[in-house]
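Asks: One structure is given below, represented as structure tokens, and several questions about it will come after.
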Amino acid sequence: HPVDVLSPPEISEDLQFAMDELDSRADQVRDGDARDVLESLDIIIELFEANLGAVRREQLIDAYMIAGVARCRLRQTREAETMFGRVVVFREQHEYDASRYPPEYQDVFERVRTRVSGGPRGTLQVETSPSGAEVYVDGRSYGPSPASVPDLLVGDHYVTIKHIASVKMVARATVAAAGSSVSYELRPNERSRLVASPEALAAIRGELGEERAGSAIR
């Protein structure tokens with residue numbers, strides 16, 4: 001998507017370190033060392049949630065899953081189910097990976113998925129300024145804003161907004177059974193001026209399609 005190219009993520013050293021730590025934390029929990037890693041997992045999750053535009057959903061899911069199985073190992077069943085439930089809310093079809101997480105806790109995850117998937121659902125209304133931005137919820141496109149996104153499980157979901165002249169935005173939105181609405185003010189993206197400016201487009205139009213970029217494009 002051109003907006004992804006025009007809005008490259010800013011990844012700090014702390015965030016990159018957290019991303020790199022996921023594999024070792026998963027190994028530790030799988031080997032039975034849960035208590036020592038749980039505090040660091042909570043920090044990783046907090047860091048990921050604060051940098052949603054730079055973190056892939058798979059990484060966020062992985063962090064929640066590792067934290068969930070760590071709590072299972074410590075017999076913190078209620079807290080573990082909360083972690084698993086958060087994953088199911090925004091990724092209902094997620095499968096438990098018994099090669100990455102301890103296989104003995106797969107039944108706990110499946111039980112949570114059955115319960116959460118059968119729970120209440122609501123509709124999320126998404127508005128943006130400027131309007132017409134492409135709206136994604138949990139990775140699925142729902143067309144231009146304003147958009148109505150039905151049949152979402154009650155709980156936290158992730159909204160991505162893409163507008164060619166604006167910086168890509170990713171935010172968490174909480175859906176209630178009675179329905180919820182969110183509104184986002186988009187920031188202009190200086191990187192998109194060439195794409196969005198009518199003057200720029202007029203200047204390069206005669207050079208488009210040529211084998212080499214002309215002076216106006218350069």
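In the structure tokens, each chain is lettered A, B, ... as it comes, each chain's residues begin at 1, and ligands are numbered from 1 in order of appearance.
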Just the strand (DSSP E) stuff from chain A, please, per backbone DSSP, written as a PyMOL selection string.

Replies: chain A and resi 121-129+134-137+140-144+147-153+155-162+169-175+180-185

Asks: What's the 6 Å shell around Ile66 in chain A, counting only C-alpha atoms, without same-chain residues fewer than 3 positions away, as number ranges by chain?

Replies: A: 26, 63, 69

Asks: Quick one: write out the picked residues with C-alpha atoms as a PDB file, in the first residue's frame?

Replies:
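Ended up saving to selection-v4.pdb:
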ATOM      1  CA  ALA A  26       9.124 -18.135  24.306  1.00  0.00           C
ATOM      2  CA  ALA A  63       3.678 -11.391  23.280  1.00  0.00           C
ATOM      3  CA  VAL A  69       1.300 -19.532  28.939  1.00  0.00           C
TER       4      VAL A  69
END

Asks: So which one's closest to Leu74 in chain A, A:Val89, A:Leu38, A:Ala176, A:Val149? Using only C-alpha atoms, please.

Replies: A:Leu38

Asks: Set the distance at 9 Å and use only C-alpha atoms: which residues neighbour Val29 in chain A once local chain neighbours fewer than 5 positions away are removed? I'd like the list as a list of chain:residue names.

Replies: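 My list of contacting residues is A:Ser24, A:Ala34, A:Arg35, A:Val37, A:Leu38, A:Ile66, A:Ala67, A:Val69, A:Ala70, A:Arg73, A:Tyr101, A:Pro102.
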
Asks: For the selection just defined, write its residues with all heavy atoms to a file, as a tab-separated table (two decimals), in the first residue's frame.

Replies:
chain	number	residue	atom	x	y	z
A	24	SER	N	13.50	-15.67	22.58
A	24	SER	CA	14.15	-16.19	23.79
A	24	SER	C	13.15	-16.31	24.93
A	24	SER	O	13.23	-17.26	25.73
A	24	SER	CB	15.32	-15.29	24.20
A	24	SER	OG	14.88	-13.98	24.51
A	34	ALA	N	9.16	-19.56	33.94
A	34	ALA	CA	8.10	-18.58	33.70
A	34	ALA	C	8.20	-17.36	34.60
A	34	ALA	O	7.98	-16.23	34.16
A	34	ALA	CB	6.73	-19.23	33.88
A	35	ARG	N	8.55	-17.57	35.85
A	35	ARG	CA	8.51	-16.47	36.81
A	35	ARG	C	9.48	-15.35	36.43
A	35	ARG	O	9.17	-14.18	36.55
A	35	ARG	CB	8.82	-16.99	38.22
A	35	ARG	CG	8.57	-15.96	39.31
A	35	ARG	CD	8.77	-16.57	40.68
A	35	ARG	NE	7.91	-17.73	40.90
A	35	ARG	CZ	6.64	-17.63	41.28
A	35	ARG	NH1	6.10	-16.45	41.47
A	35	ARG	NH2	5.93	-18.72	41.46
A	37	VAL	N	10.56	-14.41	33.55
A	37	VAL	CA	10.31	-13.70	32.30
A	37	VAL	C	8.99	-12.93	32.29
A	37	VAL	O	8.77	-12.10	31.42
A	37	VAL	CB	10.33	-14.66	31.09
A	37	VAL	CG1	11.64	-15.41	31.03
A	37	VAL	CG2	9.16	-15.63	31.14
A	38	LEU	N	8.13	-13.20	33.28
A	38	LEU	CA	6.80	-12.61	33.24
A	38	LEU	C	6.85	-11.09	33.33
A	38	LEU	O	6.13	-10.38	32.61
A	38	LEU	CB	5.94	-13.18	34.36
A	38	LEU	CG	4.44	-12.89	34.27
A	38	LEU	CD1	3.89	-13.32	32.91
A	38	LEU	CD2	3.69	-13.61	35.39
A	66	ILE	N	2.66	-15.63	24.87
A	66	ILE	CA	3.75	-16.04	25.76
A	66	ILE	C	3.42	-15.66	27.20
A	66	ILE	O	3.65	-16.44	28.14
A	66	ILE	CB	5.09	-15.41	25.32
A	66	ILE	CG1	5.48	-15.88	23.92
A	66	ILE	CG2	6.20	-15.76	26.31
A	66	ILE	CD1	6.65	-15.12	23.32
A	67	ALA	N	2.88	-14.46	27.39
A	67	ALA	CA	2.49	-14.03	28.73
A	67	ALA	C	1.38	-14.93	29.29
A	67	ALA	O	1.36	-15.24	30.49
A	67	ALA	CB	2.03	-12.58	28.70
A	69	VAL	N	0.80	-18.21	28.54
A	69	VAL	CA	1.30	-19.53	28.94
A	69	VAL	C	2.22	-19.42	30.16
A	69	VAL	O	2.28	-20.34	30.98
A	69	VAL	CB	2.01	-20.24	27.76
A	69	VAL	CG1	1.03	-20.51	26.63
A	69	VAL	CG2	3.21	-19.46	27.26
A	70	ALA	N	2.92	-18.30	30.29
A	70	ALA	CA	3.74	-18.09	31.50
A	70	ALA	C	2.86	-18.07	32.74
A	70	ALA	O	3.21	-18.67	33.77
A	70	ALA	CB	4.54	-16.80	31.37
A	73	ARG	N	1.77	-21.53	33.64
A	73	ARG	CA	2.81	-22.26	34.37
A	73	ARG	C	2.83	-21.88	35.85
A	73	ARG	O	3.15	-22.71	36.71
A	73	ARG	CB	4.18	-21.99	33.76
A	73	ARG	CG	4.44	-22.74	32.45
A	73	ARG	CD	5.90	-23.16	32.37
A	73	ARG	NE	6.21	-23.87	31.15
A	73	ARG	CZ	6.00	-25.15	30.94
A	73	ARG	NH1	5.42	-25.87	31.89
A	73	ARG	NH2	6.34	-25.72	29.79
A	101	TYR	N	4.53	-22.81	21.90
A	101	TYR	CA	4.04	-22.67	23.27
A	101	TYR	C	3.86	-24.07	23.87
A	101	TYR	O	3.64	-25.04	23.13
A	101	TYR	CB	2.72	-21.91	23.30
A	101	TYR	CG	2.70	-20.67	22.43
A	101	TYR	CD1	1.78	-20.54	21.40
A	101	TYR	CD2	3.63	-19.66	22.62
A	101	TYR	CE1	1.77	-19.41	20.59
A	101	TYR	CE2	3.63	-18.53	21.82
A	101	TYR	CZ	2.70	-18.42	20.80
A	101	TYR	OH	2.70	-17.31	19.99
A	102	PRO	N	3.93	-24.20	25.20
A	102	PRO	CA	3.79	-25.51	25.83
A	102	PRO	C	2.47	-26.18	25.42
A	102	PRO	O	1.39	-25.62	25.63
A	102	PRO	CB	3.80	-25.18	27.32
A	102	PRO	CG	4.56	-23.90	27.42
A	102	PRO	CD	4.21	-23.13	26.19

Asks: Please list as a list in words every residue within 10 Å of Gly143 in chain A, counting only C-alpha atoms and excluding residues in the same chain fewer than 6 positions away.

Replies: Gly132, Ala133, Glu134, Val135, Tyr136 and Val149 of chain A
